[in-house]
Amino acid sequence: MRVLYDPDPRSTGDIFSAHELAAFTSRYQVTEWQGQDRDAFYAEHLPGTDILISQQPMGADRLALAPNLRAIFNVETNFLPNIDYEECFRRGIPVLAPGGVFAAPVAEMALGMALSLARNIHGEHAAFLRGQEKWLFDGNRESEMLAGSTVGIIGFGDLGRALHRLLAPFGCRVQAHDPWLPPGHLRRLGVEPVDFDTLMAENRFIFVMAAITTENKGLIDAGALSLMQKGAMLLLMSRAAAVDFPALTQAASEGRIRVATDVFPVEPLPQDDPIRRTPNMLFSPHRAGALEFALREIGTRVLEDMDLIARGLAPVACRRAERETVARFRSKPVDRS
């Protein structure tokens, strides 16, 4: 198969090990974009392309140049609104994204941040460095345990399910809210389906693991935060757009809730942003999923699905854009690995 390869903003070294890069270039006829004029490059090479690895715009005009196209892989890993999905559906061209590679690393970071919030590990570490630590019970007056507690997960896709697996030994009661999944399906996955307000009100730990859609942008606003129990913990691990950040920082600064976040409305966060001085918040600079293991898994999954497609089989390793939902995604694209 002939492959047009344009992984930007990912780099080849990010997504392929040396072994898998050798397999990629030996099994397939690869033509790589190397910084030249993209319009001219795509116009020249799309007519002979079977597989496109790119997150560049693919409107009807470019798709018309690719009569043999069998699949599009987005290794940036989001379903971006720059593709004529209807034309792809009409022609039977799967649009694929290996976003699931980040599920386990993000879930593991979420678990670690939850434990730190609950036991104030980060706070007492900082106090120790200043010589202001509190010993024994004095340092635990506001601590609580994750084990046996109540947990709510907003969004039960790849991230939510990976977190649920890690929570199993802690014996928590786990509720989930995901309007794209029916209650019976959630029960079969081992969680209690609840509406959004119930989840916000009934849980000590609330994990935001949902992708951003037209329905949930700004879902967690001042009203939703007011439903949380005093001292409860909100962990924002997926997308910043799910939360009203001014309302979030206000609730944390007043001591009503504790917050951990790996994502921010603007990244990198400006040095003078007042959120940096907000108490009761634990920060991570969007690094939960950014592990070499996860990035290399992108290449692994792409190669697995390319092999299936070459054999006339349906791809299974990457997530496939669906007509019913793809137009609703509003995730902000990444501009670097």
# chains A, B, ... in the order shown; residues from 1 in each chain; ligands from 1

call {"tool": "residues_around", "arguments": {"residues": "A:Asp195", "least_positions_apart": "4", "cutoff": "12 Å", "atoms": "only C-alpha atoms", "output": "ChimeraX atom specification"}}
result
/A:152-155,175-179,181-183,199-202

call {"tool": "write_last_selection", "arguments": {"atoms": "all heavy atoms", "output": "mmCIF file, in the first residue's frame"}}
result
data_model
loop_
_atom_site.group_PDB
_atom_site.id
_atom_site.type_symbol
_atom_site.label_atom_id
_atom_site.label_comp_id
_atom_site.auth_asym_id
_atom_site.auth_seq_id
_atom_site.Cartn_x
_atom_site.Cartn_y
_atom_site.Cartn_z
ATOM 1 N N GLY A 152 -17.014 9.604 41.737
ATOM 2 C CA GLY A 152 -17.807 9.873 40.546
ATOM 3 C C GLY A 152 -16.901 10.100 39.354
ATOM 4 O O GLY A 152 -15.887 10.802 39.460
ATOM 5 N N ILE A 153 -17.240 9.501 38.227
ATOM 6 C CA ILE A 153 -16.443 9.640 36.999
ATOM 7 C C ILE A 153 -17.337 10.264 35.932
ATOM 8 O O ILE A 153 -18.376 9.697 35.565
ATOM 9 C CB ILE A 153 -15.898 8.288 36.522
ATOM 10 C CG1 ILE A 153 -15.031 7.636 37.603
ATOM 11 C CG2 ILE A 153 -15.089 8.471 35.236
ATOM 12 C CD1 ILE A 153 -14.538 6.240 37.252
ATOM 13 N N ILE A 154 -16.932 11.412 35.433
ATOM 14 C CA ILE A 154 -17.665 12.094 34.354
ATOM 15 C C ILE A 154 -17.004 11.731 33.036
ATOM 16 O O ILE A 154 -15.864 12.118 32.775
ATOM 17 C CB ILE A 154 -17.659 13.616 34.576
ATOM 18 C CG1 ILE A 154 -18.338 13.963 35.904
ATOM 19 C CG2 ILE A 154 -18.355 14.327 33.416
ATOM 20 C CD1 ILE A 154 -18.219 15.426 36.285
ATOM 21 N N GLY A 155 -17.716 10.954 32.236
ATOM 22 C CA GLY A 155 -17.161 10.437 30.989
ATOM 23 C C GLY A 155 -16.602 9.051 31.199
ATOM 24 O O GLY A 155 -15.615 8.887 31.919
ATOM 25 N N GLN A 175 -19.751 5.858 40.877
ATOM 26 C CA GLN A 175 -20.842 6.315 40.026
ATOM 27 C C GLN A 175 -20.260 6.894 38.743
ATOM 28 O O GLN A 175 -19.117 7.374 38.735
ATOM 29 C CB GLN A 175 -21.663 7.387 40.735
ATOM 30 C CG GLN A 175 -22.385 6.894 41.980
ATOM 31 C CD GLN A 175 -23.229 7.980 42.626
ATOM 32 O OE1 GLN A 175 -22.971 9.171 42.454
ATOM 33 N NE2 GLN A 175 -24.249 7.567 43.366
ATOM 34 N N ALA A 176 -21.025 6.833 37.675
ATOM 35 C CA ALA A 176 -20.564 7.384 36.396
ATOM 36 C C ALA A 176 -21.690 8.135 35.722
ATOM 37 O O ALA A 176 -22.860 7.739 35.806
ATOM 38 C CB ALA A 176 -20.039 6.274 35.481
ATOM 39 N N HIS A 177 -21.304 9.200 35.049
ATOM 40 C CA HIS A 177 -22.250 9.953 34.225
ATOM 41 C C HIS A 177 -21.677 10.058 32.825
ATOM 42 O O HIS A 177 -20.574 10.593 32.630
ATOM 43 C CB HIS A 177 -22.488 11.352 34.789
ATOM 44 C CG HIS A 177 -23.319 12.211 33.890
ATOM 45 N ND1 HIS A 177 -24.676 12.003 33.708
ATOM 46 C CD2 HIS A 177 -22.989 13.262 33.085
ATOM 47 C CE1 HIS A 177 -25.144 12.895 32.855
ATOM 48 N NE2 HIS A 177 -24.142 13.665 32.454
ATOM 49 N N ASP A 178 -22.391 9.512 31.852
ATOM 50 C CA ASP A 178 -21.980 9.588 30.458
ATOM 51 C C ASP A 178 -23.233 9.500 29.594
ATOM 52 O O ASP A 178 -23.799 8.422 29.420
ATOM 53 C CB ASP A 178 -21.005 8.454 30.098
ATOM 54 C CG ASP A 178 -20.348 8.673 28.738
ATOM 55 O OD1 ASP A 178 -21.038 9.158 27.825
ATOM 56 O OD2 ASP A 178 -19.153 8.373 28.603
ATOM 57 N N PRO A 179 -23.710 10.635 29.064
ATOM 58 C CA PRO A 179 -24.966 10.631 28.304
ATOM 59 C C PRO A 179 -24.902 9.861 26.992
ATOM 60 O O PRO A 179 -25.946 9.616 26.380
ATOM 61 C CB PRO A 179 -25.238 12.116 28.071
ATOM 62 C CG PRO A 179 -23.902 12.776 28.180
ATOM 63 C CD PRO A 179 -23.131 11.976 29.189
ATOM 64 N N LEU A 181 -23.785 6.782 26.855
ATOM 65 C CA LEU A 181 -23.853 5.364 27.196
ATOM 66 C C LEU A 181 -25.118 5.084 27.991
ATOM 67 O O LEU A 181 -25.398 5.782 28.968
ATOM 68 C CB LEU A 181 -22.621 4.949 28.016
ATOM 69 C CG LEU A 181 -21.265 5.106 27.332
ATOM 70 C CD1 LEU A 181 -20.136 4.778 28.298
ATOM 71 C CD2 LEU A 181 -21.176 4.247 26.082
ATOM 72 N N PRO A 182 -25.887 4.068 27.622
ATOM 73 C CA PRO A 182 -27.128 3.770 28.345
ATOM 74 C C PRO A 182 -26.842 3.223 29.736
ATOM 75 O O PRO A 182 -25.791 2.615 29.978
ATOM 76 C CB PRO A 182 -27.809 2.731 27.460
ATOM 77 C CG PRO A 182 -26.718 2.116 26.653
ATOM 78 C CD PRO A 182 -25.677 3.179 26.470
ATOM 79 N N PRO A 183 -27.782 3.421 30.669
ATOM 80 C CA PRO A 183 -27.570 2.964 32.050
ATOM 81 C C PRO A 183 -27.235 1.481 32.157
ATOM 82 O O PRO A 183 -26.358 1.090 32.938
ATOM 83 C CB PRO A 183 -28.897 3.296 32.741
ATOM 84 C CG PRO A 183 -29.443 4.454 31.965
ATOM 85 C CD PRO A 183 -29.039 4.198 30.546
ATOM 86 N N LEU A 199 -24.224 12.943 40.676
ATOM 87 C CA LEU A 199 -22.791 12.641 40.761
ATOM 88 C C LEU A 199 -22.047 13.758 41.480
ATOM 89 O O LEU A 199 -21.203 13.499 42.349
ATOM 90 C CB LEU A 199 -22.224 12.424 39.363
ATOM 91 C CG LEU A 199 -20.764 11.977 39.300
ATOM 92 C CD1 LEU A 199 -20.541 11.018 38.131
ATOM 93 C CD2 LEU A 199 -19.799 13.156 39.177
ATOM 94 N N MET A 200 -22.359 15.007 41.145
ATOM 95 C CA MET A 200 -21.654 16.127 41.767
ATOM 96 C C MET A 200 -21.930 16.207 43.264
ATOM 97 O O MET A 200 -21.066 16.610 44.045
ATOM 98 C CB MET A 200 -22.052 17.443 41.093
ATOM 99 C CG MET A 200 -21.651 17.558 39.630
ATOM 100 S SD MET A 200 -19.853 17.513 39.344
ATOM 101 C CE MET A 200 -19.322 19.049 40.097
ATOM 102 N N ALA A 201 -23.125 15.818 43.677
ATOM 103 C CA ALA A 201 -23.525 15.985 45.077
ATOM 104 C C ALA A 201 -23.117 14.830 45.971
ATOM 105 O O ALA A 201 -22.937 15.019 47.180
ATOM 106 C CB ALA A 201 -25.037 16.183 45.148
ATOM 107 N N GLU A 202 -22.956 13.625 45.425
ATOM 108 C CA GLU A 202 -22.837 12.451 46.277
ATOM 109 C C GLU A 202 -21.420 11.914 46.452
ATOM 110 O O GLU A 202 -21.223 10.966 47.218
ATOM 111 C CB GLU A 202 -23.730 11.321 45.743
ATOM 112 C CG GLU A 202 -25.215 11.621 45.871
ATOM 113 C CD GLU A 202 -26.082 10.397 45.615
ATOM 114 O OE1 GLU A 202 -25.531 9.323 45.260
ATOM 115 O OE2 GLU A 202 -27.310 10.512 45.767
#

call {"tool": "closest_atom_pairs", "arguments": {"of": "stretch 69-119 of chain A", "to": "stretch 259-283 of chain A", "cutoff": "10 Å", "atoms": "only C-alpha atoms", "output": "JSON lines"}}
result
{"residue": "A:Val106", "atom": "CA", "partner": "A:Asp262", "partner_atom": "CA", "distance": 9.3}
{"residue": "A:Met109", "atom": "CA", "partner": "A:Asp262", "partner_atom": "CA", "distance": 9.0}
{"residue": "A:Ala110", "atom": "CA", "partner": "A:Ala260", "partner_atom": "CA", "distance": 8.6}
{"residue": "A:Met113", "atom": "CA", "partner": "A:Ala260", "partner_atom": "CA", "distance": 6.7}
{"residue": "A:Ala114", "atom": "CA", "partner": "A:Ala260", "partner_atom": "CA", "distance": 7.7}
{"residue": "A:Ser116", "atom": "CA", "partner": "A:Leu282", "partner_atom": "CA", "distance": 8.4}
{"residue": "A:Leu117", "atom": "CA", "partner": "A:Leu282", "partner_atom": "CA", "distance": 7.3}

call {"tool": "write_last_selection", "arguments": {"atoms": "N, CA, C and O atoms", "output": "compact mmCIF listing (two decimals), in the first residue's frame"}}
result
# COMPACT_ATOMS: atom_id res chain seq x y z
N VAL A 106 -2.91 8.55 31.85
CA VAL A 106 -3.73 9.59 32.47
C VAL A 106 -4.44 9.06 33.70
O VAL A 106 -4.51 9.73 34.74
N MET A 109 -1.96 8.87 36.60
CA MET A 109 -1.71 10.20 37.16
C MET A 109 -2.91 10.68 37.97
O MET A 109 -2.75 11.28 39.05
N ALA A 110 -4.11 10.43 37.47
CA ALA A 110 -5.32 10.83 38.19
C ALA A 110 -5.38 10.18 39.56
O ALA A 110 -5.72 10.82 40.56
N MET A 113 -2.78 11.87 41.83
CA MET A 113 -3.19 13.20 42.25
C MET A 113 -4.33 13.12 43.26
O MET A 113 -4.42 13.94 44.19
N ALA A 114 -5.22 12.14 43.10
CA ALA A 114 -6.30 11.96 44.07
C ALA A 114 -5.75 11.62 45.45
O ALA A 114 -6.21 12.16 46.47
N SER A 116 -2.82 12.38 46.57
CA SER A 116 -2.13 13.55 47.10
C SER A 116 -3.12 14.58 47.63
O SER A 116 -2.90 15.19 48.68
N LEU A 117 -4.23 14.79 46.91
CA LEU A 117 -5.26 15.69 47.41
C LEU A 117 -5.82 15.20 48.74
O LEU A 117 -6.00 15.98 49.69

call {"tool": "closest_residue", "arguments": {"among": "A:His286, A:Arg27, A:Lys217, A:Arg301", "to": "A:Arg319", "atoms": "only C-alpha atoms"}}
result
A:Arg301

call {"tool": "residues_around", "arguments": {"residues": "A:Ile121", "least_positions_apart": "3", "cutoff": "12 Å", "atoms": "only C-alpha atoms", "output": "short mmCIF file (atom, residue, chain, number, x, y, z; two decimals) with N, CA, C and O atoms, in the first residue's frame"}}
result
data_model
loop_
_atom_site.label_atom_id
_atom_site.label_comp_id
_atom_site.auth_asym_id
_atom_site.auth_seq_id
_atom_site.Cartn_x
_atom_site.Cartn_y
_atom_site.Cartn_z
N GLY A 112 -2.79 9.09 41.34
CA GLY A 112 -1.76 9.69 42.17
C GLY A 112 -2.17 11.06 42.68
O GLY A 112 -1.94 11.39 43.87
N MET A 113 -2.78 11.87 41.83
CA MET A 113 -3.19 13.20 42.25
C MET A 113 -4.33 13.12 43.26
O MET A 113 -4.42 13.94 44.19
N ALA A 114 -5.22 12.14 43.10
CA ALA A 114 -6.30 11.96 44.07
C ALA A 114 -5.75 11.62 45.45
O ALA A 114 -6.21 12.16 46.47
N LEU A 115 -4.77 10.74 45.49
CA LEU A 115 -4.17 10.38 46.78
C LEU A 115 -3.47 11.58 47.41
O LEU A 115 -3.52 11.78 48.63
N SER A 116 -2.82 12.38 46.57
CA SER A 116 -2.13 13.55 47.10
C SER A 116 -3.12 14.58 47.63
O SER A 116 -2.90 15.19 48.68
N LEU A 117 -4.23 14.79 46.91
CA LEU A 117 -5.26 15.69 47.41
C LEU A 117 -5.82 15.20 48.74
O LEU A 117 -6.00 15.98 49.69
N ALA A 118 -6.13 13.92 48.79
CA ALA A 118 -6.79 13.37 49.98
C ALA A 118 -5.89 13.42 51.21
O ALA A 118 -6.37 13.67 52.33
N GLU A 124 2.21 19.03 52.37
CA GLU A 124 3.14 18.81 53.49
C GLU A 124 4.59 18.71 53.00
O GLU A 124 5.51 19.08 53.73
N HIS A 125 4.79 18.26 51.79
CA HIS A 125 6.14 18.27 51.22
C HIS A 125 6.65 19.71 51.12
O HIS A 125 7.78 20.02 51.53
N ALA A 126 5.80 20.60 50.57
CA ALA A 126 6.20 22.00 50.44
C ALA A 126 6.44 22.62 51.81
O ALA A 126 7.39 23.39 52.01
N ALA A 127 5.57 22.28 52.78
CA ALA A 127 5.73 22.82 54.13
C ALA A 127 7.03 22.33 54.76
O ALA A 127 7.72 23.09 55.47
N PHE A 128 7.37 21.08 54.49
CA PHE A 128 8.61 20.52 55.04
C PHE A 128 9.82 21.28 54.52
O PHE A 128 10.77 21.58 55.28
N GLU A 133 6.45 22.03 58.57
CA GLU A 133 5.65 20.80 58.53
C GLU A 133 4.90 20.58 59.84
O GLU A 133 5.30 21.06 60.91
N LYS A 134 3.78 19.85 59.73
CA LYS A 134 2.99 19.48 60.90
C LYS A 134 3.14 17.97 61.11
O LYS A 134 2.87 17.19 60.21
N GLY A 139 -0.79 17.03 61.09
CA GLY A 139 -0.67 17.15 59.64
C GLY A 139 -1.74 16.41 58.88
O GLY A 139 -1.71 16.35 57.65
N ASN A 140 -2.72 15.84 59.60
CA ASN A 140 -3.75 15.02 58.95
C ASN A 140 -5.17 15.45 59.29
O ASN A 140 -6.12 14.70 59.05
N GLU A 142 -7.27 17.39 57.98
CA GLU A 142 -8.21 17.47 56.86
C GLU A 142 -8.00 16.32 55.87
O GLU A 142 -8.55 16.34 54.77
N SER A 143 -7.24 15.32 56.26
CA SER A 143 -6.98 14.20 55.37
C SER A 143 -8.12 13.19 55.40
O SER A 143 -8.86 13.09 56.39
N GLU A 144 -8.27 12.46 54.35
CA GLU A 144 -9.23 11.36 54.29
C GLU A 144 -8.68 10.29 53.36
O GLU A 144 -7.70 10.52 52.64
N LEU A 282 -3.87 21.56 43.21
CA LEU A 282 -2.69 20.78 42.84
C LEU A 282 -2.55 20.85 41.32
O LEU A 282 -3.49 20.53 40.59
#

call {"tool": "atom_distance", "arguments": {"atom1": "atom CA of A:Asp6", "atom2": "atom CA of A:Tyr28"}}
result
14.6 Å

call {"tool": "residues_around", "arguments": {"residues": "A:Leu303", "least_positions_apart": "5", "cutoff": "10 Å", "atoms": "only C-alpha atoms", "output": "ChimeraX atom specification"}}
result
/A:16,20-21,23-24,27,297-298,308-309,317

call {"tool": "residues_around", "arguments": {"residues": "A:Leu65", "least_positions_apart": "3", "cutoff": "7 Å", "atoms": "only C-alpha atoms", "output": "VMD selection string"}}
result
chain A and resid 43 46 to 47 61 to 62

call {"tool": "select_by_dssp", "arguments": {"residues": "stretch 47-233 of chain A", "states": "strand (DSSP E)", "output": "PyMOL selection string"}}
result
chain A and resi 51-54+71-73+95-97+150-154+173-177+192-193+205-208+233

call {"tool": "write_last_selection", "arguments": {"atoms": "N, CA and C atoms", "output": "PDB file, in the first residue's frame"}}
result
ATOM      1  N   ILE A  51      -3.244   5.027   1.985  1.00  0.00           N
ATOM      2  CA  ILE A  51      -3.371   5.334   3.414  1.00  0.00           C
ATOM      3  C   ILE A  51      -2.805   6.727   3.655  1.00  0.00           C
ATOM      4  N   LEU A  52      -3.570   7.565   4.339  1.00  0.00           N
ATOM      5  CA  LEU A  52      -3.116   8.908   4.681  1.00  0.00           C
ATOM      6  C   LEU A  52      -2.895   8.975   6.185  1.00  0.00           C
ATOM      7  N   ILE A  53      -1.686   9.343   6.596  1.00  0.00           N
ATOM      8  CA  ILE A  53      -1.379   9.597   8.004  1.00  0.00           C
ATOM      9  C   ILE A  53      -1.133  11.088   8.116  1.00  0.00           C
ATOM     10  N   SER A  54      -2.142  11.799   8.560  1.00  0.00           N
ATOM     11  CA  SER A  54      -2.084  13.262   8.548  1.00  0.00           C
ATOM     12  C   SER A  54      -3.252  13.822   9.343  1.00  0.00           C
ATOM     13  N   ALA A  71      -8.031   4.715   4.101  1.00  0.00           N
ATOM     14  CA  ALA A  71      -8.137   5.092   5.508  1.00  0.00           C
ATOM     15  C   ALA A  71      -7.337   6.364   5.758  1.00  0.00           C
ATOM     16  N   ILE A  72      -7.787   7.119   6.767  1.00  0.00           N
ATOM     17  CA  ILE A  72      -7.066   8.295   7.255  1.00  0.00           C
ATOM     18  C   ILE A  72      -6.752   8.061   8.729  1.00  0.00           C
ATOM     19  N   PHE A  73      -5.479   8.193   9.095  1.00  0.00           N
ATOM     20  CA  PHE A  73      -5.051   8.078  10.488  1.00  0.00           C
ATOM     21  C   PHE A  73      -4.647   9.454  10.995  1.00  0.00           C
ATOM     22  N   VAL A  95     -11.949   7.062   9.283  1.00  0.00           N
ATOM     23  CA  VAL A  95     -11.067   8.061   9.873  1.00  0.00           C
ATOM     24  C   VAL A  95     -10.748   7.570  11.277  1.00  0.00           C
ATOM     25  N   LEU A  96      -9.458   7.376  11.560  1.00  0.00           N
ATOM     26  CA  LEU A  96      -9.030   6.649  12.755  1.00  0.00           C
ATOM     27  C   LEU A  96      -8.087   7.498  13.609  1.00  0.00           C
ATOM     28  N   ALA A  97      -8.225   7.355  14.938  1.00  0.00           N
ATOM     29  CA  ALA A  97      -7.365   8.087  15.865  1.00  0.00           C
ATOM     30  C   ALA A  97      -6.999   7.179  17.034  1.00  0.00           C
ATOM     31  N   THR A 150     -16.334   7.423  48.135  1.00  0.00           N
ATOM     32  CA  THR A 150     -17.280   7.525  47.024  1.00  0.00           C
ATOM     33  C   THR A 150     -16.622   8.265  45.874  1.00  0.00           C
ATOM     34  N   VAL A 151     -16.743   7.722  44.681  1.00  0.00           N
ATOM     35  CA  VAL A 151     -16.064   8.251  43.498  1.00  0.00           C
ATOM     36  C   VAL A 151     -17.073   8.455  42.375  1.00  0.00           C
ATOM     37  N   GLY A 152     -17.014   9.604  41.737  1.00  0.00           N
ATOM     38  CA  GLY A 152     -17.807   9.873  40.546  1.00  0.00           C
ATOM     39  C   GLY A 152     -16.901  10.100  39.354  1.00  0.00           C
ATOM     40  N   ILE A 153     -17.240   9.501  38.227  1.00  0.00           N
ATOM     41  CA  ILE A 153     -16.443   9.640  36.999  1.00  0.00           C
ATOM     42  C   ILE A 153     -17.337  10.264  35.932  1.00  0.00           C
ATOM     43  N   ILE A 154     -16.932  11.412  35.433  1.00  0.00           N
ATOM     44  CA  ILE A 154     -17.665  12.094  34.354  1.00  0.00           C
ATOM     45  C   ILE A 154     -17.004  11.731  33.036  1.00  0.00           C
ATOM     46  N   ARG A 173     -17.270   2.977  46.157  1.00  0.00           N
ATOM     47  CA  ARG A 173     -18.514   2.996  45.392  1.00  0.00           C
ATOM     48  C   ARG A 173     -18.291   3.949  44.221  1.00  0.00           C
ATOM     49  N   VAL A 174     -18.501   3.483  43.011  1.00  0.00           N
ATOM     50  CA  VAL A 174     -18.192   4.284  41.820  1.00  0.00           C
ATOM     51  C   VAL A 174     -19.471   4.583  41.045  1.00  0.00           C
ATOM     52  N   GLN A 175     -19.751   5.858  40.877  1.00  0.00           N
ATOM     53  CA  GLN A 175     -20.842   6.315  40.026  1.00  0.00           C
ATOM     54  C   GLN A 175     -20.260   6.894  38.743  1.00  0.00           C
ATOM     55  N   ALA A 176     -21.025   6.833  37.675  1.00  0.00           N
ATOM     56  CA  ALA A 176     -20.564   7.384  36.396  1.00  0.00           C
ATOM     57  C   ALA A 176     -21.690   8.135  35.722  1.00  0.00           C
ATOM     58  N   HIS A 177     -21.304   9.200  35.049  1.00  0.00           N
ATOM     59  CA  HIS A 177     -22.250   9.953  34.225  1.00  0.00           C
ATOM     60  C   HIS A 177     -21.677  10.058  32.825  1.00  0.00           C
ATOM     61  N   GLU A 192     -22.263   2.518  38.767  1.00  0.00           N
ATOM     62  CA  GLU A 192     -23.651   2.925  38.984  1.00  0.00           C
ATOM     63  C   GLU A 192     -23.956   4.150  38.122  1.00  0.00           C
ATOM     64  N   PRO A 193     -24.869   4.047  37.163  1.00  0.00           N
ATOM     65  CA  PRO A 193     -25.184   5.213  36.332  1.00  0.00           C
ATOM     66  C   PRO A 193     -26.033   6.222  37.112  1.00  0.00           C
ATOM     67  N   PHE A 205     -14.751  12.184  45.671  1.00  0.00           N
ATOM     68  CA  PHE A 205     -13.771  12.325  44.588  1.00  0.00           C
ATOM     69  C   PHE A 205     -14.538  12.360  43.260  1.00  0.00           C
ATOM     70  N   ILE A 206     -14.322  13.412  42.476  1.00  0.00           N
ATOM     71  CA  ILE A 206     -14.984  13.542  41.175  1.00  0.00           C
ATOM     72  C   ILE A 206     -13.908  13.715  40.111  1.00  0.00           C
ATOM     73  N   PHE A 207     -13.859  12.759  39.190  1.00  0.00           N
ATOM     74  CA  PHE A 207     -12.860  12.764  38.121  1.00  0.00           C
ATOM     75  C   PHE A 207     -13.525  13.191  36.812  1.00  0.00           C
ATOM     76  N   VAL A 208     -12.992  14.221  36.182  1.00  0.00           N
ATOM     77  CA  VAL A 208     -13.496  14.678  34.892  1.00  0.00           C
ATOM     78  C   VAL A 208     -12.633  14.033  33.808  1.00  0.00           C
ATOM     79  N   MET A 233     -13.250  16.608  46.375  1.00  0.00           N
ATOM     80  CA  MET A 233     -12.122  16.799  45.463  1.00  0.00           C
ATOM     81  C   MET A 233     -12.553  16.644  44.001  1.00  0.00           C
TER      82      MET A 233
END

call {"tool": "closest_residue", "arguments": {"among": "A:Ala224, A:Ala294, A:Leu189, A:Met58", "to": "A:Ala247", "atoms": "only C-alpha atoms"}}
result
A:Ala224

call {"tool": "select_by_dssp", "arguments": {"residues": "stretch 66-296 of chain A", "states": "helix (DSSP H, G or I)", "output": "PyMOL selection string"}}
result
chain A and resi 85-91+99-119+121-129+136-140+158-170+183-188+196-202+222-226+240-242+245-253+274-277+292-296
